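Visitor: Before I ask anything, let me first share the structure, which is written out below as C-alpha cells.
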Amino acid sequence: MDKPTVQDGQVVSMEYTLHVDGQLIDSSQGRAPLEFLQGAGNIIPGLEDELYGMEVGETKNVIVSAEDGYGELDPDAFVDVPRAQFPTEIPLEIGVELQVRDDSGRVLLARIDRVDDESVRLDFNHPLAGKELDFTVKIVGLRDATDEEMEHGHVHGHDHAH
Ligand code: ZN
C-alpha cells in the first residue's frame with residue numbers, strides 16, 4: 001500500500017515554526033500540533049501549496065512571499081486621524097495597537113504608525129503584510145477527513161462538533 005501523503009481531503013497535523021526578518025514569531029512548540037483540512041484554504045495559500053505530497057515525519061522549509069502570505073502592504077490602509085479624536089487614556093505611541101470601530105460598526109485592528117502634533121497615522125494592514133514568511137514545518141499526522149468535515153471545510157477536533 002502506498003504511504004499516505006498530504007493531499008486534498010486529508011486532515012493534516014503539523015508542527016511548525018515561523019520566522020520573519022530572522023525573528024521567531026510563532027511556533028507550535030509546547031502546544032498541540034496545528035490541525036487543518038488540506039485544500040480548504042484553512043492556512044495561507046503559499047504554505048498549503050508546498051505541503052502536497054509530504055509524508056508523516058517529513059520536514060520542510062517553506063519560504064512564502066508576501067504576495068502568497070498576508071499580502072503586500074496596502075498604502076490605502078494608512079489613515080490619518082486628528083489627535084483630538086483619541087480618548088486621553090490611549091497612549092499615542094508608535095506600535096500601540098487599537099481597536100477601531102468603522103462606520104458600519106465593525107471592529108478593526110490598527111497600529112499607530114506615526115504621531116505628530118496634529119494627527120495620528122493608523123495602519124490597518126495585517127501585521128505580517130509585506131513580509132516574507134519563513135516556515136519550517138513537520139508533518140506529524142495524516143488522516144482522511146470525515147464527510148462532515150469535508151462539508152464544513154474545516155477540522156472537527158475532540159471538543160469541537162457542530
Ligand atoms: Zn464544522
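Starting from 1 in every chain, residues are counted up; chains themselves are A, B, ... following the order of the C-alpha cells, and ligands are numbered from 1 as listed.
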Counting only C-alpha atoms, what is within 7 Å of region 5-16 of chain A, bar same-chain residues fewer than 2 positions away, as a list in words?

Guide: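 What passes the distance filter is Lys3, Leu18, Ser27, Ser28, Pro33, Leu34, Glu35, Phe36, Leu37, Gln38, Gly39, Leu51, Tyr52, Gly53, Met54, Glu55, Phe135, Thr136, Val137, Lys138, Ile139, Val140, Gly141, Leu142, Arg143, Asp144, Ala145, Met150 and Val155 of chain A.
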
Visitor: Residues of the last selection are to be written out with N, CA and C atoms, as a PDB file, in the first residue's frame.

Guide:
```
ATOM      1  N   LYS A   3       2.237   4.844   0.940  1.00  0.00           N
ATOM      2  CA  LYS A   3       2.221   5.670   2.155  1.00  0.00           C
ATOM      3  C   LYS A   3       1.286   6.854   1.940  1.00  0.00           C
ATOM      4  N   LEU A  18       7.625  29.759  12.629  1.00  0.00           N
ATOM      5  CA  LEU A  18       7.552  30.849  11.655  1.00  0.00           C
ATOM      6  C   LEU A  18       8.541  31.936  12.060  1.00  0.00           C
ATOM      7  N   SER A  27       5.129  29.604  16.763  1.00  0.00           N
ATOM      8  CA  SER A  27       5.602  28.232  16.808  1.00  0.00           C
ATOM      9  C   SER A  27       4.551  27.363  17.477  1.00  0.00           C
ATOM     10  N   SER A  28       4.515  26.078  17.082  1.00  0.00           N
ATOM     11  CA  SER A  28       3.608  25.146  17.744  1.00  0.00           C
ATOM     12  C   SER A  28       4.282  24.496  18.943  1.00  0.00           C
ATOM     13  N   PRO A  33      -0.019  20.122  17.913  1.00  0.00           N
ATOM     14  CA  PRO A  33       0.248  20.491  16.521  1.00  0.00           C
ATOM     15  C   PRO A  33      -0.962  21.199  15.912  1.00  0.00           C
ATOM     16  N   LEU A  34      -0.691  22.003  14.884  1.00  0.00           N
ATOM     17  CA  LEU A  34      -1.766  22.634  14.135  1.00  0.00           C
ATOM     18  C   LEU A  34      -2.489  21.563  13.316  1.00  0.00           C
ATOM     19  N   GLU A  35      -3.814  21.566  13.354  1.00  0.00           N
ATOM     20  CA  GLU A  35      -4.612  20.631  12.550  1.00  0.00           C
ATOM     21  C   GLU A  35      -5.445  21.420  11.561  1.00  0.00           C
ATOM     22  N   PHE A  36      -5.445  20.986  10.320  1.00  0.00           N
ATOM     23  CA  PHE A  36      -6.240  21.707   9.315  1.00  0.00           C
ATOM     24  C   PHE A  36      -6.619  20.747   8.198  1.00  0.00           C
ATOM     25  N   LEU A  37      -7.598  21.168   7.423  1.00  0.00           N
ATOM     26  CA  LEU A  37      -8.071  20.379   6.286  1.00  0.00           C
ATOM     27  C   LEU A  37      -7.358  20.875   5.028  1.00  0.00           C
ATOM     28  N   GLN A  38      -6.528  20.012   4.452  1.00  0.00           N
ATOM     29  CA  GLN A  38      -5.772  20.401   3.261  1.00  0.00           C
ATOM     30  C   GLN A  38      -6.723  20.662   2.089  1.00  0.00           C
ATOM     31  N   GLY A  39      -6.456  21.744   1.356  1.00  0.00           N
ATOM     32  CA  GLY A  39      -7.246  22.059   0.169  1.00  0.00           C
ATOM     33  C   GLY A  39      -8.446  22.932   0.459  1.00  0.00           C
ATOM     34  N   LEU A  51       2.785  21.815   0.642  1.00  0.00           N
ATOM     35  CA  LEU A  51       2.681  20.633   1.501  1.00  0.00           C
ATOM     36  C   LEU A  51       2.273  19.377   0.740  1.00  0.00           C
ATOM     37  N   TYR A  52       1.717  19.540  -0.465  1.00  0.00           N
ATOM     38  CA  TYR A  52       1.231  18.386  -1.228  1.00  0.00           C
ATOM     39  C   TYR A  52       2.336  17.350  -1.390  1.00  0.00           C
ATOM     40  N   GLY A  53       2.002  16.098  -1.115  1.00  0.00           N
ATOM     41  CA  GLY A  53       2.940  15.005  -1.332  1.00  0.00           C
ATOM     42  C   GLY A  53       3.842  14.704  -0.148  1.00  0.00           C
ATOM     43  N   MET A  54       3.799  15.539   0.890  1.00  0.00           N
ATOM     44  CA  MET A  54       4.651  15.258   2.057  1.00  0.00           C
ATOM     45  C   MET A  54       4.099  14.069   2.844  1.00  0.00           C
ATOM     46  N   GLU A  55       5.037  13.338   3.493  1.00  0.00           N
ATOM     47  CA  GLU A  55       4.670  12.173   4.297  1.00  0.00           C
ATOM     48  C   GLU A  55       4.818  12.496   5.782  1.00  0.00           C
ATOM     49  N   PHE A 135       8.827  29.521   7.037  1.00  0.00           N
ATOM     50  CA  PHE A 135       8.267  28.434   7.837  1.00  0.00           C
ATOM     51  C   PHE A 135       9.190  27.221   7.825  1.00  0.00           C
ATOM     52  N   THR A 136       9.283  26.536   8.953  1.00  0.00           N
ATOM     53  CA  THR A 136       9.779  25.165   8.970  1.00  0.00           C
ATOM     54  C   THR A 136       8.639  24.315   9.502  1.00  0.00           C
ATOM     55  N   VAL A 137       8.252  23.315   8.710  1.00  0.00           N
ATOM     56  CA  VAL A 137       7.091  22.508   9.081  1.00  0.00           C
ATOM     57  C   VAL A 137       7.486  21.045   9.162  1.00  0.00           C
ATOM     58  N   LYS A 138       6.798  20.325  10.025  1.00  0.00           N
ATOM     59  CA  LYS A 138       6.968  18.868  10.113  1.00  0.00           C
ATOM     60  C   LYS A 138       5.579  18.242  10.171  1.00  0.00           C
ATOM     61  N   ILE A 139       5.325  17.317   9.249  1.00  0.00           N
ATOM     62  CA  ILE A 139       4.033  16.624   9.247  1.00  0.00           C
ATOM     63  C   ILE A 139       4.089  15.541  10.318  1.00  0.00           C
ATOM     64  N   VAL A 140       3.168  15.585  11.269  1.00  0.00           N
ATOM     65  CA  VAL A 140       3.185  14.605  12.351  1.00  0.00           C
ATOM     66  C   VAL A 140       1.953  13.693  12.329  1.00  0.00           C
ATOM     67  N   GLY A 141       0.993  13.988  11.475  1.00  0.00           N
ATOM     68  CA  GLY A 141      -0.162  13.098  11.395  1.00  0.00           C
ATOM     69  C   GLY A 141      -0.979  13.389  10.146  1.00  0.00           C
ATOM     70  N   LEU A 142      -1.599  12.336   9.616  1.00  0.00           N
ATOM     71  CA  LEU A 142      -2.482  12.466   8.443  1.00  0.00           C
ATOM     72  C   LEU A 142      -3.640  11.507   8.618  1.00  0.00           C
ATOM     73  N   ARG A 143      -4.820  11.964   8.331  1.00  0.00           N
ATOM     74  CA  ARG A 143      -5.971  11.049   8.287  1.00  0.00           C
ATOM     75  C   ARG A 143      -6.965  11.584   7.265  1.00  0.00           C
ATOM     76  N   ASP A 144      -7.853  10.708   6.806  1.00  0.00           N
ATOM     77  CA  ASP A 144      -8.916  11.158   5.907  1.00  0.00           C
ATOM     78  C   ASP A 144      -9.898  12.019   6.682  1.00  0.00           C
ATOM     79  N   ALA A 145     -10.358  13.086   6.060  1.00  0.00           N
ATOM     80  CA  ALA A 145     -11.397  13.909   6.679  1.00  0.00           C
ATOM     81  C   ALA A 145     -12.710  13.131   6.680  1.00  0.00           C
ATOM     82  N   MET A 150     -15.559  17.539   5.518  1.00  0.00           N
ATOM     83  CA  MET A 150     -15.467  17.972   4.121  1.00  0.00           C
ATOM     84  C   MET A 150     -16.581  18.975   3.804  1.00  0.00           C
ATOM     85  N   VAL A 155     -11.619  21.229  10.225  1.00  0.00           N
ATOM     86  CA  VAL A 155     -11.431  20.051  11.079  1.00  0.00           C
ATOM     87  C   VAL A 155     -12.331  20.148  12.306  1.00  0.00           C
TER      88      VAL A 155
END
```

Visitor: Which residues are near Ser119 (chain A)? Cut-off 7 Å, only C-alpha atoms, ignore same chain within fewer than 5 positions. Put them as a PyMOL selection string.

Guide: chain A and resi 80-83

Visitor: Got time to write the residues from that selection, all heavy atoms, as a PDB file, in the first residue's frame?

Guide:
```
ATOM      1  N   ASP A  80      -4.913  58.896   8.382  1.00  0.00           N
ATOM      2  CA  ASP A  80      -4.581  59.951   9.338  1.00  0.00           C
ATOM      3  C   ASP A  80      -5.831  60.388  10.087  1.00  0.00           C
ATOM      4  O   ASP A  80      -6.857  60.685   9.481  1.00  0.00           O
ATOM      5  CB  ASP A  80      -3.982  61.163   8.614  1.00  0.00           C
ATOM      6  CG  ASP A  80      -2.580  60.858   8.101  1.00  0.00           C
ATOM      7  OD1 ASP A  80      -1.797  60.275   8.874  1.00  0.00           O
ATOM      8  OD2 ASP A  80      -2.275  61.186   6.938  1.00  0.00           O
ATOM      9  N   VAL A  81      -5.725  60.407  11.405  1.00  0.00           N
ATOM     10  CA  VAL A  81      -6.850  60.770  12.267  1.00  0.00           C
ATOM     11  C   VAL A  81      -6.390  61.922  13.170  1.00  0.00           C
ATOM     12  O   VAL A  81      -5.299  61.863  13.734  1.00  0.00           O
ATOM     13  CB  VAL A  81      -7.272  59.567  13.137  1.00  0.00           C
ATOM     14  CG1 VAL A  81      -8.440  59.931  14.038  1.00  0.00           C
ATOM     15  CG2 VAL A  81      -7.605  58.353  12.272  1.00  0.00           C
ATOM     16  N   PRO A  82      -7.226  62.972  13.310  1.00  0.00           N
ATOM     17  CA  PRO A  82      -6.839  64.067  14.202  1.00  0.00           C
ATOM     18  C   PRO A  82      -6.623  63.574  15.637  1.00  0.00           C
ATOM     19  O   PRO A  82      -7.393  62.745  16.135  1.00  0.00           O
ATOM     20  CB  PRO A  82      -8.044  65.022  14.139  1.00  0.00           C
ATOM     21  CG  PRO A  82      -8.741  64.684  12.869  1.00  0.00           C
ATOM     22  CD  PRO A  82      -8.502  63.216  12.638  1.00  0.00           C
ATOM     23  N   ARG A  83      -5.584  64.099  16.281  1.00  0.00           N
ATOM     24  CA  ARG A  83      -5.262  63.688  17.660  1.00  0.00           C
ATOM     25  C   ARG A  83      -6.461  63.839  18.590  1.00  0.00           C
ATOM     26  O   ARG A  83      -6.648  63.039  19.505  1.00  0.00           O
ATOM     27  CB  ARG A  83      -4.141  64.584  18.207  1.00  0.00           C
ATOM     28  CG  ARG A  83      -2.752  64.129  17.884  1.00  0.00           C
ATOM     29  CD  ARG A  83      -1.747  64.993  18.637  1.00  0.00           C
ATOM     30  NE  ARG A  83      -1.430  64.407  19.922  1.00  0.00           N
ATOM     31  CZ  ARG A  83      -0.216  63.958  20.247  1.00  0.00           C
ATOM     32  NH1 ARG A  83       0.782  64.067  19.390  1.00  0.00           N
ATOM     33  NH2 ARG A  83       0.017  63.434  21.424  1.00  0.00           N
TER      34      ARG A  83
END
```

Visitor: Could you please determine the separation between CA of Leu128 (chain A) and CA of Asp116 (chain A) in Å, to one decimal place?

Guide: 24.7 Å

Visitor: Could you write out, as a PyMOL selection string, all the residues of region 28-88 of chain A that DSSP marks as alpha helix (DSSP H)?

Guide: chain A and resi 45-51

Visitor: Would you put the residues from that selection into a file with all heavy atoms, as a PDB file, in the first residue's frame?

Guide:
```pdb
ATOM      1  N   PRO A  45      -2.325  30.304   1.512  1.00  0.00           N
ATOM      2  CA  PRO A  45      -2.185  29.505   0.279  1.00  0.00           C
ATOM      3  C   PRO A  45      -0.733  29.173  -0.062  1.00  0.00           C
ATOM      4  O   PRO A  45      -0.442  28.072  -0.536  1.00  0.00           O
ATOM      5  CB  PRO A  45      -2.822  30.392  -0.802  1.00  0.00           C
ATOM      6  CG  PRO A  45      -3.017  31.744  -0.202  1.00  0.00           C
ATOM      7  CD  PRO A  45      -3.049  31.563   1.291  1.00  0.00           C
ATOM      8  N   GLY A  46       0.185  30.094   0.162  1.00  0.00           N
ATOM      9  CA  GLY A  46       1.589  29.863  -0.203  1.00  0.00           C
ATOM     10  C   GLY A  46       2.215  28.733   0.589  1.00  0.00           C
ATOM     11  O   GLY A  46       3.161  28.087   0.135  1.00  0.00           O
ATOM     12  N   LEU A  47       1.677  28.478   1.783  1.00  0.00           N
ATOM     13  CA  LEU A  47       2.167  27.350   2.583  1.00  0.00           C
ATOM     14  C   LEU A  47       1.436  26.072   2.188  1.00  0.00           C
ATOM     15  O   LEU A  47       2.059  25.033   1.946  1.00  0.00           O
ATOM     16  CB  LEU A  47       1.979  27.644   4.073  1.00  0.00           C
ATOM     17  CG  LEU A  47       2.445  26.553   5.053  1.00  0.00           C
ATOM     18  CD1 LEU A  47       3.923  26.227   4.863  1.00  0.00           C
ATOM     19  CD2 LEU A  47       2.177  26.987   6.490  1.00  0.00           C
ATOM     20  N   GLU A  48       0.127  26.156   2.075  1.00  0.00           N
ATOM     21  CA  GLU A  48      -0.684  24.984   1.730  1.00  0.00           C
ATOM     22  C   GLU A  48      -0.175  24.325   0.436  1.00  0.00           C
ATOM     23  O   GLU A  48      -0.029  23.113   0.361  1.00  0.00           O
ATOM     24  CB  GLU A  48      -2.149  25.418   1.574  1.00  0.00           C
ATOM     25  CG  GLU A  48      -3.110  24.274   1.319  1.00  0.00           C
ATOM     26  CD  GLU A  48      -4.568  24.738   1.329  1.00  0.00           C
ATOM     27  OE1 GLU A  48      -4.899  25.723   0.636  1.00  0.00           O
ATOM     28  OE2 GLU A  48      -5.375  24.117   2.049  1.00  0.00           O
ATOM     29  N   ASP A  49       0.132  25.142  -0.566  1.00  0.00           N
ATOM     30  CA  ASP A  49       0.582  24.619  -1.872  1.00  0.00           C
ATOM     31  C   ASP A  49       1.848  23.764  -1.760  1.00  0.00           C
ATOM     32  O   ASP A  49       2.040  22.839  -2.550  1.00  0.00           O
ATOM     33  CB  ASP A  49       0.883  25.783  -2.834  1.00  0.00           C
ATOM     34  CG  ASP A  49      -0.381  26.446  -3.332  1.00  0.00           C
ATOM     35  OD1 ASP A  49      -1.473  25.876  -3.119  1.00  0.00           O
ATOM     36  OD2 ASP A  49      -0.273  27.533  -3.931  1.00  0.00           O
ATOM     37  N   GLU A  50       2.720  24.107  -0.811  1.00  0.00           N
ATOM     38  CA  GLU A  50       4.017  23.428  -0.699  1.00  0.00           C
ATOM     39  C   GLU A  50       3.939  22.115   0.069  1.00  0.00           C
ATOM     40  O   GLU A  50       4.928  21.387   0.160  1.00  0.00           O
ATOM     41  CB  GLU A  50       5.034  24.357  -0.018  1.00  0.00           C
ATOM     42  CG  GLU A  50       5.421  25.560  -0.870  1.00  0.00           C
ATOM     43  CD  GLU A  50       6.120  25.150  -2.150  1.00  0.00           C
ATOM     44  OE1 GLU A  50       6.943  24.219  -2.115  1.00  0.00           O
ATOM     45  OE2 GLU A  50       5.837  25.766  -3.209  1.00  0.00           O
ATOM     46  N   LEU A  51       2.785  21.815   0.642  1.00  0.00           N
ATOM     47  CA  LEU A  51       2.681  20.633   1.501  1.00  0.00           C
ATOM     48  C   LEU A  51       2.273  19.377   0.740  1.00  0.00           C
ATOM     49  O   LEU A  51       2.485  18.260   1.222  1.00  0.00           O
ATOM     50  CB  LEU A  51       1.657  20.879   2.617  1.00  0.00           C
ATOM     51  CG  LEU A  51       1.936  22.083   3.520  1.00  0.00           C
ATOM     52  CD1 LEU A  51       0.836  22.218   4.565  1.00  0.00           C
ATOM     53  CD2 LEU A  51       3.298  21.991   4.189  1.00  0.00           C
TER      54      LEU A  51
END
```

Visitor: Could you tell me how far CA of Ser65 (chain A) sits from CA of His19 (chain A), in Å to one decimal place?

Guide: 12.6 Å

Visitor: If you count only C-alpha atoms, which residues fall within 7 Å of Ala129 (chain A), apart from same-chain ones fewer than 3 positions away, as number ranges by chain?

Guide: A: 66, 70-73, 125-126

Visitor: Go through A:Thr88, A:Asp21, A:Asp123, A:Glu118 one by one, measure the shortest atom-to-atom distance of each to Val100 (chain A) using only C-alpha atoms, and give the residue with the smallest value.

Guide: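 Ranked by minimum distance to Val100 (chain A), first place goes to A:Asp123.
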
Visitor: So what do you get for CA of Ile112 (chain A) versus CA of Ile94 (chain A), distance-wise?

Guide: 4.9 Å

Visitor: Which residues are close to Asp113 (chain A), i.e. within 10 Å by only C-alpha atoms, leaving aside same-chain residues fewer than 3 positions away? Reply as a list in words.

Guide: Phe78, Val79, Asp80, Leu92, Glu93, Ile94, Gly95, Val96, Glu97, Ala110, Val120, Arg121, Leu122, Asp123 and Phe124 of chain A

Visitor: Based on DSSP run over this structure's backbone, return all residues of region 12-157 of chain A in strand (DSSP E), as an MDAnalysis selection string.

Guide: chainID A and resid 12:20 23:27 34:37 59:64 78:82 97:101 107:115 119:123 133:144

Visitor: Identify which of the residues A:Arg106, A:Arg31, A:His154, A:Arg114 lies closest to Ile43 (chain A), counting only C-alpha atoms when measuring atom-to-atom distances.

Guide: A:His154

Visitor: Hey, which of A:Val64, A:Ile44, A:Ala32, A:Asp26 ends up closest to Leu133 (chain A)? Count only C-alpha atoms.

Guide: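 Comparing A:Val64, A:Ile44, A:Ala32, A:Asp26 against Leu133 (chain A), the winner is A:Val64.
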
Visitor: Which one of A:Asp147, A:Gly157, A:His152, A:Ile25 sits closest to ligand 1 if you count only C-alpha atoms and all ligand atoms?

Guide: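 Under the stated criterion, the closest residue is A:His152.
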